[in-house]
>>> print(open('model-v3.txt').read())   # compact mmCIF, C-alpha atoms
# COMPACT_ATOMS: atom_id res chain seq x y z
CA MET A 1492 -8.93 -5.68 -5.78
CA SER A 1493 -7.53 -3.11 -3.42
CA SER A 1494 -9.73 -0.45 -1.86
CA GLY A 1495 -7.79 2.26 -3.76
CA GLU A 1496 -9.29 1.13 -7.07
CA PHE A 1497 -12.89 1.32 -5.84
CA ARG A 1498 -14.88 4.48 -6.60
CA HIS A 1499 -18.05 5.29 -4.66
CA LEU A 1500 -19.43 7.57 -7.39
CA VAL A 1501 -19.01 6.86 -11.08
CA ARG A 1502 -20.02 9.36 -13.78
CA VAL A 1503 -21.88 7.62 -16.63
CA SER A 1504 -23.74 9.56 -19.36
CA GLY A 1505 -23.96 12.69 -17.23
CA PHE A 1506 -25.27 10.88 -14.13
CA ASP A 1507 -23.53 10.08 -10.87
CA CYS A 1508 -24.09 6.35 -10.31
CA ARG A 1509 -23.34 4.61 -7.03
CA GLY A 1510 -20.25 2.43 -7.24
CA ASP A 1511 -21.42 -0.07 -4.63
CA LEU A 1512 -24.30 -1.27 -6.83
CA GLN A 1513 -24.03 -4.04 -9.39
CA ALA A 1514 -23.23 -2.63 -12.82
CA TRP A 1515 -26.63 -3.34 -14.37
CA VAL A 1516 -28.52 -1.95 -11.36
CA ALA A 1517 -26.40 1.21 -11.32
CA LEU A 1518 -27.06 1.80 -15.03
CA THR A 1519 -30.83 1.60 -14.47
CA LYS A 1520 -30.60 4.74 -12.33
CA ILE A 1521 -29.97 6.68 -15.56
CA LYS A 1522 -33.24 8.02 -16.95
CA GLY A 1523 -33.95 6.22 -20.22
CA VAL A 1524 -32.03 3.03 -19.35
CA ASN A 1525 -34.12 0.11 -18.14
CA ARG A 1526 -33.05 -3.36 -16.97
CA ARG A 1527 -33.05 -4.98 -20.40
CA PHE A 1528 -31.16 -2.13 -22.04
CA ALA A 1529 -28.56 -2.06 -19.24
CA LEU A 1530 -27.99 -5.81 -19.54
CA ALA A 1531 -27.76 -5.51 -23.35
CA VAL A 1532 -25.13 -2.75 -23.06
CA LEU A 1533 -23.03 -4.83 -20.68
CA ARG A 1534 -23.45 -7.99 -22.77
CA VAL A 1535 -22.30 -6.18 -25.95
CA LEU A 1536 -19.19 -4.97 -24.10
CA ASP A 1537 -18.59 -8.38 -22.47
CA ILE A 1538 -18.65 -6.88 -18.96
CA ASP A 1539 -19.96 -8.94 -16.03
CA PRO A 1540 -23.32 -7.33 -15.08
CA TRP A 1541 -22.99 -8.48 -11.46
CA GLU A 1542 -19.64 -6.79 -10.91
CA ARG A 1543 -19.81 -3.63 -8.79
CA LEU A 1544 -19.70 -0.47 -10.89
CA GLY A 1545 -17.03 1.08 -8.65
CA TYR A 1546 -14.52 -1.62 -9.63
CA LEU A 1547 -14.80 -1.04 -13.39
CA SER A 1548 -11.91 0.76 -15.07
CA GLU A 1549 -12.14 4.20 -16.68
CA GLU A 1550 -11.84 2.51 -20.07
CA ASP A 1551 -14.88 0.29 -19.36
CA ILE A 1552 -16.90 3.29 -18.17
CA SER A 1553 -16.08 5.26 -21.33
CA ARG A 1554 -17.06 2.23 -23.45
CA ILE A 1555 -20.39 2.00 -21.59
CA ASP A 1556 -20.89 5.74 -22.21
CA GLU A 1557 -20.24 5.27 -25.92
CA VAL A 1558 -22.70 2.37 -26.26
CA ILE A 1559 -25.44 4.28 -24.42
CA LYS A 1560 -24.93 7.29 -26.72
CA ASN A 1561 -24.74 5.24 -29.97
CA PRO A 1562 -26.38 1.87 -29.32
CA VAL A 1563 -27.10 0.82 -32.92
CA GLU A 1564 -23.52 1.48 -34.07
CA ASN A 1565 -22.25 -0.68 -31.22
CA GLY A 1566 -24.33 -3.79 -31.91
CA ILE A 1567 -27.64 -3.21 -30.10
CA PRO A 1568 -30.66 -3.91 -32.34
CA VAL A 1569 -32.94 -1.09 -33.47
CA TRP A 1570 -35.98 -2.55 -31.71
CA PHE A 1571 -34.24 -1.96 -28.34
CA LEU A 1572 -34.34 1.82 -28.71
CA ASN A 1573 -36.81 4.02 -26.83
CA ARG A 1574 -37.48 6.51 -29.65
CA ARG A 1575 -38.00 4.71 -32.93
CA LYS A 1576 -39.02 6.60 -36.06
CA ASP A 1577 -38.81 9.98 -34.33
CA VAL A 1578 -41.39 12.41 -35.72
CA TRP A 1579 -39.02 15.39 -35.66
CA ALA A 1580 -35.78 13.83 -36.91
CA GLY A 1581 -37.18 10.86 -38.84
CA GLU A 1582 -34.63 8.43 -37.44
CA ASP A 1583 -34.26 5.80 -34.74
CA LYS A 1584 -32.72 7.13 -31.50
CA HIS A 1585 -32.16 6.20 -27.91
CA ILE A 1586 -32.68 9.26 -25.72
CA VAL A 1587 -31.23 9.45 -22.21
CA GLY A 1588 -31.35 11.91 -19.30
CA ALA A 1589 -32.47 15.52 -19.59
CA ASP A 1590 -33.02 15.10 -23.33
CA LEU A 1591 -35.66 12.46 -22.59
CA ILE A 1592 -37.50 14.80 -20.22
CA TYR A 1593 -37.42 17.57 -22.84
CA VAL A 1594 -38.67 15.33 -25.67
CA LEU A 1595 -41.57 13.98 -23.59
CA LYS A 1596 -42.58 17.52 -22.57
CA ARG A 1597 -42.43 18.65 -26.20
CA ASP A 1598 -44.61 15.71 -27.31
CA ILE A 1599 -47.22 16.50 -24.64
CA ASP A 1600 -47.21 20.18 -25.64
CA VAL A 1601 -47.82 19.21 -29.28
CA MET A 1602 -50.75 17.01 -28.23
CA LYS A 1603 -52.20 19.88 -26.18
CA LYS A 1604 -51.80 22.33 -29.05
CA ALA A 1605 -53.45 19.93 -31.51
CA LYS A 1606 -56.28 19.43 -28.99
CA SER A 1607 -56.10 15.65 -29.36
CA TRP A 1608 -57.88 13.48 -26.81
CA LYS A 1609 -54.63 12.73 -24.99
CA GLY A 1610 -53.67 16.40 -25.09
CA ILE A 1611 -56.96 17.45 -23.54
CA ARG A 1612 -56.61 14.82 -20.79
CA HIS A 1613 -53.05 16.03 -20.09
CA ALA A 1614 -54.21 19.64 -19.95
CA LEU A 1615 -57.00 18.81 -17.50
CA GLY A 1616 -54.72 16.72 -15.30
CA LEU A 1617 -56.83 13.59 -15.79
CA LYS A 1618 -55.79 10.02 -16.54
CA VAL A 1619 -54.70 9.67 -20.15
CA ARG A 1620 -54.65 5.94 -20.89
CA GLY A 1621 -58.28 4.98 -20.45
CA GLN A 1622 -58.29 4.22 -16.72
CA LYS A 1623 -61.42 4.65 -14.65
CA THR A 1624 -61.70 7.93 -12.75
CA ARG A 1625 -64.76 7.41 -10.60
CA THR A 1626 -62.88 6.45 -7.44
CA SER A 1627 -59.19 6.88 -8.21
CA GLY A 1628 -57.02 9.68 -9.52
CA ARG A 1629 -58.58 12.28 -7.27
CA LYS A 1630 -56.59 15.33 -6.27
CA GLY A 1631 -57.14 18.04 -3.70
CA ILE A 1632 -59.34 17.88 -0.63
CA THR A 1633 -61.14 14.58 -0.19
CA ILE A 1634 -64.83 14.77 0.51
CA GLY A 1635 -66.19 11.88 2.53
CA VAL A 1636 -69.68 10.69 3.29
CA THR A 1637 -71.51 12.87 5.81
CA LYS A 1638 -72.36 11.20 9.08
CA GLY A 1639 -75.95 10.46 10.05
CA LYS A 1640 -77.66 11.28 13.37
CA LYS A 1641 -76.89 7.90 14.95
CA GLU A 1642 -73.17 8.12 14.12
CA LYS A 1643 -72.96 11.65 15.53
CA ALA A 1644 -74.69 10.49 18.72
CA ARG A 1645 -72.23 7.59 19.12
CA GLU A 1646 -69.25 9.92 18.63
CA LYS A 1647 -70.62 12.34 21.21
CA ALA A 1648 -71.15 9.47 23.68
CA ARG A 1649 -67.56 8.29 23.17
CA LYS A 1650 -66.17 11.76 23.85
CA LEU A 1651 -68.22 12.15 27.03
CA GLY A 1652 -67.72 8.63 28.01
>>> encode(input="model-v3.txt", output="structure tokens")
Amino acid sequence: MSSGEFRHLVRVSGFDCRGDLQAWVALTKIKGVNRRFALAVLRVLDIDPWERLGYLSEEDISRIDEVIKNPVENGIPVWFLNRRKDVWAGEDKHIVGADLIYVLKRDIDVMKKAKSWKGIRHALGLKVRGQKTRTSGRKGITIGVTKGKKEKAREKARKLG
């Protein structure tokens, strides 16, 4: 293909994706689209996943956009979606981009308001999924072990030394 047909930035689902990346890699830069979903979208549309995104036509890009917005209607199974049986809408959805950020924030706020265990952990800024917190997950100023007399004497000797 000629260099005139190549685009360095391609707009897909409200995101600017780099055109020099392979199509499936470029799609994973969209929040809410992982590797498997990107490959499924390209497989449904019969687009080569290893082709550079900048070489795809406007028609292909609009088809990709449509499948990401309505995956079930375009042949992607329901179990591939990231928001199944949504509590608020009662339907299966695939949420992408800023909407995903908003929905996650709303879910965390509901947990905090209900004072569930996860909500309390979120509110306190602690680990939520059962990880240990004795040595990891610390924030702020680190407090180390205080040095003994011998260690202070050795440090003083090194400085003078």
>>> residues_around(input="model-v3.txt", residues="Pro1562 in chain A", least_positions_apart="4", cutoff="10 Å", atoms="all atoms listed in the file", output="ChimeraX atom specification")
/A:1528,1531-1532,1535,1555-1558,1566-1569,1571-1572,1584-1585
>>> residues_around(input="model-v3.txt", residues="Asp1539 in chain A", least_positions_apart="3", cutoff="9 Å", atoms="all atoms listed in the file", output="list in words")
Ala1514, Trp1515, Leu1533, Arg1534, Glu1542 and Arg1543 of chain A
>>> closest_residue(input="model-v3.txt", among="A:Leu1591, A:Gln1513, A:Phe1497, A:Val1601", to="Gly1545 in chain A", atoms="all atoms listed in the file")
A:Phe1497
>>> closest_residue(input="model-v3.txt", among="A:Val1619, A:Ala1580, A:Ile1521, A:Val1516", to="Met1602 in chain A", atoms="all atoms listed in the file")
A:Val1619
>>> atom_distance(input="model-v3.txt", atom1="CA of Arg1629 in chain A", atom2="CA of Lys1603 in chain A")
21.4 Å
>>> atom_distance(input="model-v3.txt", atom1="CA of Asp1551 in chain A", atom2="CA of Trp1570 in chain A")
24.6 Å
>>> residues_around(input="model-v3.txt", residues="range 1608-1611 of chain A", least_positions_apart="6", cutoff="12 Å", atoms="only C-alpha atoms", output="short mmCIF file (atom, residue, chain, number, x, y, z; two decimals) with C-alpha atoms, in the coordinates of the input")
data_model
loop_
_atom_site.label_atom_id
_atom_site.label_comp_id
_atom_site.auth_asym_id
_atom_site.auth_seq_id
_atom_site.Cartn_x
_atom_site.Cartn_y
_atom_site.Cartn_z
CA LYS A 1596 -42.58 17.52 -22.57
CA ARG A 1597 -42.43 18.65 -26.20
CA ASP A 1598 -44.61 15.71 -27.31
CA ILE A 1599 -47.22 16.50 -24.64
CA ASP A 1600 -47.21 20.18 -25.64
CA VAL A 1601 -47.82 19.21 -29.28
CA MET A 1602 -50.75 17.01 -28.23
CA LEU A 1617 -56.83 13.59 -15.79
CA LYS A 1618 -55.79 10.02 -16.54
CA VAL A 1619 -54.70 9.67 -20.15
CA ARG A 1620 -54.65 5.94 -20.89
CA GLY A 1621 -58.28 4.98 -20.45
#
>>> closest_residue(input="model-v3.txt", among="A:Lys1522, A:Lys1640, A:Arg1574, A:Lys1560", to="Ile1592 in chain A", atoms="only C-alpha atoms")
A:Lys1522
>>> closest_residue(input="model-v3.txt", among="A:Arg1526, A:Lys1576, A:Val1587, A:Gly1639", to="Phe1506 in chain A", atoms="all atoms listed in the file")
A:Val1587
